[in-house]
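Single-structure report; data block below.
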Amino acid sequence: MKDLKRTRIKELLQSEDFDRKVLIKGWIRTKRGNKNIAFIAVNDGSTINNIQAVVDVHSFDEELLKKATTGASLEISGTLAQSSGQGQSVEIQADNIFIYGEADPETYPLQKKGHSMEFLREIAHLRFRTNTFGAVFRIRHALTFAIHKYFHEKGFFNIHSPIITSSDAEGAGEMFRVTTLDPVNPPLNEKKEVDFSEDFFARPTNLTVSGQLEAELGALALGGVYTFGPTFRAENSNTPRHLAEFWMIEPEVAFNDINDNMDLAEEFLKYLIKYALENCKDDIEFLNKMVDKELLNTLNHVNESVFIRLGYTEAIEILEKADQKFEFPVKWGIDLQSEHERYLVEKHFKKPVILSDYPKDIKAFYMKQNDDGKTVRAMDVLFPRIGEIIGGSQREEIMEKLLGRIREMNLPEKDLWWFLDTRRYGSVVHSGFGLGFERLMLFVTGMSNIRDVIPFPRTPRNAEF
Ligand code: ATP
Ligand code: MN
């Protein structure tokens with residue numbers, strides 16, 4: 001059997017071509033049986049489902065079978081057969097077993113099932129090997145692929161916006177400084193401040209909080225563009241929905257107004273949910289059984305819903321009349337908290353909501369100003385269980401208006417000269433939004449903590465793996 005090639009378990013489980021010799025490689029999930037026959041369930045990561053190898057104990061070396069414990073890596077060759085066992089269609093009647101790496105049952109942390117999410121976070125280097133995290137990360141891949149596929153098919157271009165940036169005008173939160181200066185003895189200027197002209201980039205630089213400003217530059221030449229990259233926020237928010245390092249998808253489209261922007265956001269989200277339902281069926285069904293019994297219902301419901309479109313001012317009126325006490329009191333002008341967003345989506349409308357026209361004072365400088373002088377053409381998409389999943393807006397394309405806002409907000413006009421050039425030359429109406437990839441992942445997987453939908457979460461005081 002030397003020239004037998006390895007087949008992925010996913011493929012074998014769908015095969016009906018029995019009685020042929022096959023070879024699998026993977027890790028043992030369970031071994032059970034009696035003194036005559038052993039059943040070894042093997043997983044190779046290609047699917048949530050294991051394949052079962054049936055082992056005639058007397059034809060194998062006893063020492064070898066002893067090493068075949070949960071977590072050990074191995075290859076098995078044998079005959080593919082129709083299974084008589086319950087819940088599986090296919091099995092392998094083993095001829096040969098070779099153990100690559102043992103996993104000492106005394107110390108292997110995943111010897112038993114049923115660990116808490118908190119415990120698994122402490123062994124993030126091994127949690128890939130559990131059913132739940134296997135499912136989550138296969139879905140993460142599928143959604144990544146679907147995002148590129150969606151935009152590619154719509155004629156958008158992917159832009160790689162910089163990760164290190166010197167623009168801190170976004171005002172989206174605290175930033176992480178990037179520097180090669182000696183923290184103990186940094187060079188100082190006459191005013192005894194750190195002299196960043198001696199730093200690597202000869203200016204202060206940070207990790208980006210958003211690729212939007214750069215995406216706008218691309219959109220005003222390429223038409224429709226999107227970024228999909230890591231973003232960083234040094235805010236000390238220890239919630240199940242915030243990471244210090246998260247991935248964001250930011251489309252930006254020339255000639256789109258806020259209504260086009262809402263249409264794009266709704267179509268895009270539904271496309272991704274549908275893609276996951278169609279292409280990650282086994283994983284989603286597993287999560288529906290083990291993690292959130294309402295998952296499939298919620299995904300299907302959102303997919304079939306027409307999203308509610310509502311102004312901020314009307315939303316405040318609804319919240320003021322709500323028969324619910326909020327921790328943060330409601331009045332016109334407040335930034336909505338997740339409790340308010342979830343009330344609108346889960347209790348009042350029972351559908352996703354696209355909220356627009358927020359007070360200008362709680363939104364960024366670049367948003368299109370409405371004629372009322374009080375609100376801007378911002379739009380947030382609010383989802384059940386998540387709250388804000390998308391934040392976006394039509395952008396202010398008129399030079400004087402944009403400059404007015406920059407000055408009102410005391411932003412560094414001089415540093416934004418390159419951004420302002422887009423309004424100086426060939427300016428057009430344009431719009432875009434940011435989708436938090438891990439918030440989407442939370443929604444699609446039914447997981448409840450954002451730390452469990454990214455392989456190695458970065459949160460305050462946590463960056464070990
Ligand atoms: P929030 O109010 O929920 O903190 P935000 O309004 O600060 O979010 P935006 O600046 O609008 O967020 O970012 C766009 C999107 O990125 C959000 O709609 C959300 O999906 C996601 N996002 C923002 N901050 C985080 C974070 N710290 N961790 C994970 N995702 C985030
Ligand atoms: Mn937002």
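Residues are named by chain letter and number: chains run A, B, ... in the order of the structure tokens, numbers start at 1 in each chain, and ligands are numbered from 1 in the order shown.
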Inset, instruction - Could you report the residues within 8 Å of ligand 2, using only C-alpha atoms and all ligand atoms, as number ranges by chain? - result: A: 380, 388, 390-392
Inset, instruction - May I have the residues within 10 Å of ligand 1, computed using only C-alpha atoms and all ligand atoms, as a ChimeraX atom specification? - result: /A:170-173,209-210,212,231-250,335-338,362-364,378-382,386-393,433-440,450-451,458-459
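Residues lying within 9 Å of Val306 of chain A, counting only C-alpha atoms and ignoring same-chain neighbours fewer than 4 positions away, are Glu266, Val302, Lys351 and Pro352 of chain A.
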Could the residues in this selection be written to a file with all heavy atoms, as a PDB file, in the first residue's frame?
ATOM      1  N   GLU A 266     -27.473  45.754   3.468  1.00  0.00           N
ATOM      2  CA  GLU A 266     -28.485  44.701   3.672  1.00  0.00           C
ATOM      3  C   GLU A 266     -28.235  43.517   2.738  1.00  0.00           C
ATOM      4  O   GLU A 266     -28.254  42.359   3.158  1.00  0.00           O
ATOM      5  CB  GLU A 266     -29.892  45.293   3.456  1.00  0.00           C
ATOM      6  CG  GLU A 266     -30.988  44.274   3.700  1.00  0.00           C
ATOM      7  CD  GLU A 266     -32.393  44.885   3.792  1.00  0.00           C
ATOM      8  OE1 GLU A 266     -32.516  46.128   3.924  1.00  0.00           O
ATOM      9  OE2 GLU A 266     -33.361  44.102   3.744  1.00  0.00           O
ATOM     10  N   VAL A 302     -33.501  36.356   9.944  1.00  0.00           N
ATOM     11  CA  VAL A 302     -32.857  37.594   9.490  1.00  0.00           C
ATOM     12  C   VAL A 302     -32.745  37.607   7.969  1.00  0.00           C
ATOM     13  O   VAL A 302     -32.972  38.617   7.313  1.00  0.00           O
ATOM     14  CB  VAL A 302     -31.473  37.758  10.158  1.00  0.00           C
ATOM     15  CG1 VAL A 302     -30.632  38.803   9.437  1.00  0.00           C
ATOM     16  CG2 VAL A 302     -31.651  38.141  11.618  1.00  0.00           C
ATOM     17  N   LYS A 351     -36.776  42.529  14.160  1.00  0.00           N
ATOM     18  CA  LYS A 351     -36.089  42.452  12.865  1.00  0.00           C
ATOM     19  C   LYS A 351     -34.835  43.308  12.950  1.00  0.00           C
ATOM     20  O   LYS A 351     -34.787  44.229  13.765  1.00  0.00           O
ATOM     21  CB  LYS A 351     -36.952  43.087  11.774  1.00  0.00           C
ATOM     22  CG  LYS A 351     -38.009  42.229  11.205  1.00  0.00           C
ATOM     23  CD  LYS A 351     -38.790  43.028  10.182  1.00  0.00           C
ATOM     24  CE  LYS A 351     -40.046  42.252   9.827  1.00  0.00           C
ATOM     25  NZ  LYS A 351     -40.846  42.967   8.870  1.00  0.00           N
ATOM     26  N   PRO A 352     -33.853  43.085  12.077  1.00  0.00           N
ATOM     27  CA  PRO A 352     -32.713  44.007  12.030  1.00  0.00           C
ATOM     28  C   PRO A 352     -33.183  45.423  11.696  1.00  0.00           C
ATOM     29  O   PRO A 352     -34.182  45.596  11.003  1.00  0.00           O
ATOM     30  CB  PRO A 352     -31.846  43.452  10.904  1.00  0.00           C
ATOM     31  CG  PRO A 352     -32.191  42.006  10.846  1.00  0.00           C
ATOM     32  CD  PRO A 352     -33.672  41.942  11.168  1.00  0.00           C
TER      33      PRO A 352
END
Inset, instruction - Extract the full set of strand (DSSP E) residues from segment 177-390 of chain A according to DSSP on the backbone, and format it as a count of residues only. - result: 48
Inset, instruction - Could you give me, as a list in words, the residues within 12 Å of Ser116 of chain A, counting only C-alpha atoms and dropping anything in the same chain fewer than 5 positions from it? - result: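 The filter keeps Leu110, Arg121, Glu122, Ile123, Arg127, Thr130, Thr132, Val291 and Asp452 of chain A.
Remark: for Lys112 of chain A, the closest of the candidate residues A:Gly373, A:Gly71, A:Gly432, A:Gly211 is A:Gly71 (distances computed over only C-alpha atoms).
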Legend entry - Selection: 12 Å around segment 202-206 of chain A, only C-alpha atoms, excl. self and same-chain fewer than 3 positions, as JSON, numbers by chain: {"A": [162, 163, 164, 165, 166, 167, 168, 169, 170, 173, 174, 175, 176, 177, 178, 179, 180, 181, 194, 195, 196, 197, 198, 199, 209, 210, 231, 232, 233, 234, 415]}
Inset, instruction - Just give me the gap between atom CA of Gln86 of chain A and atom CA of Gly33 of chain A in Å, one decimal is fine. - result: 14.9 Å
Inset, instruction - Enumerate the residues of segment 93-204 of chain A with a DSSP assignment of alpha helix (DSSP H), computed from the backbone, and present them as number ranges by chain. - result: A: 117-122, 131-153
Legend entry - Which residue of A:Arg385, A:Arg395, A:His148, A:Lys374 approaches Asp292 of chain A most closely, using only C-alpha atoms: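 Among the listed residues, A:Arg385 lies closest to Asp292 of chain A.
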Inset, instruction - Return the single residue from A:His125, A:Lys274, A:Lys321, A:His152 that is closest to Phe456 of chain A, with distances computed using only C-alpha atoms. - result: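 Checking each candidate against Phe456 of chain A, we get A:His125 as the closest.
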Legend entry - Residues within 7 Å of Val376 of chain A, only C-alpha atoms, excluding chain neighbours under 2 positions, as a VMD selection string: chain A and resid 357 to 360 367 to 370 378
Next, dump the selected residues to file, keeping only N, CA, C and O atoms, as a CSV table (one decimal), in the first residue's frame.
chain,number,residue,atom,x,y,z
A,357,ASP,N,-29.3,59.1,10.4
A,357,ASP,CA,-29.5,60.5,10.7
A,357,ASP,C,-29.3,60.7,12.2
A,357,ASP,O,-30.2,61.2,12.9
A,358,TYR,N,-28.1,60.4,12.7
A,358,TYR,CA,-27.7,60.6,14.1
A,358,TYR,C,-27.3,62.0,14.3
A,358,TYR,O,-26.9,62.8,13.4
A,359,PRO,N,-27.3,62.5,15.6
A,359,PRO,CA,-26.8,63.8,16.0
A,359,PRO,C,-25.4,63.9,15.5
A,359,PRO,O,-24.6,63.0,15.7
A,360,LYS,N,-25.0,65.1,15.0
A,360,LYS,CA,-23.7,65.2,14.4
A,360,LYS,C,-22.6,65.2,15.5
A,360,LYS,O,-21.5,64.8,15.3
A,367,MET,N,-18.8,62.8,8.1
A,367,MET,CA,-20.1,62.4,7.7
A,367,MET,C,-20.9,63.5,7.0
A,367,MET,O,-20.8,64.7,7.5
A,368,LYS,N,-21.7,63.2,6.1
A,368,LYS,CA,-22.5,64.2,5.3
A,368,LYS,C,-23.5,64.9,6.2
A,368,LYS,O,-24.3,64.3,6.9
A,369,GLN,N,-23.4,66.2,6.2
A,369,GLN,CA,-24.3,67.0,7.1
A,369,GLN,C,-25.7,67.2,6.5
A,369,GLN,O,-25.8,67.5,5.3
A,370,ASN,N,-26.7,66.9,7.3
A,370,ASN,CA,-28.1,67.2,6.8
A,370,ASN,C,-28.4,68.7,6.9
A,370,ASN,O,-27.7,69.4,7.6
A,378,ALA,N,-25.4,59.4,8.9
A,378,ALA,CA,-24.8,58.2,9.5
A,378,ALA,C,-25.8,57.1,9.4
A,378,ALA,O,-27.0,57.3,9.5
Legend entry - Option closest in space to Asp361 of chain A, from A:Leu13, A:Leu188, A:Met409, A:Ile454 [counting only C-alpha atoms]: A:Met409
Inset, instruction - Please indicate the distance in Å from atom CA of Val55 of chain A to atom CA of Ala94 of chain A, rounded to one decimal place. - result: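 Distance between the two atoms: 5.5 Å.
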Legend entry - Pick from A:Arg129, A:Pro455, A:Trp418, A:Arg32 nearest to Leu213 of chain A, counting only C-alpha atoms: A:Trp418
Inset, instruction - Return the single residue from A:His58, A:Lys350, A:Lys414, A:Lys401 that is closest to Phe365 of chain A, with distances computed using only C-alpha atoms. - result: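 For Phe365 of chain A, the nearest of the given residues is A:Lys401.
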Inset, instruction - Calculate how many Å separate atom CA of Ala219 of chain A from atom CA of Arg309 of chain A, rounding to one decimal. - result: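 If I compute the distance from atom CA of Ala219 of chain A to atom CA of Arg309 of chain A, I get 25.5 Å.
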Legend entry - Nearby residues (only C-alpha atoms) at most 9 Å from Trp27 of chain A, same-chain spacing under 4 positions excluded, as a count of residues only: 12
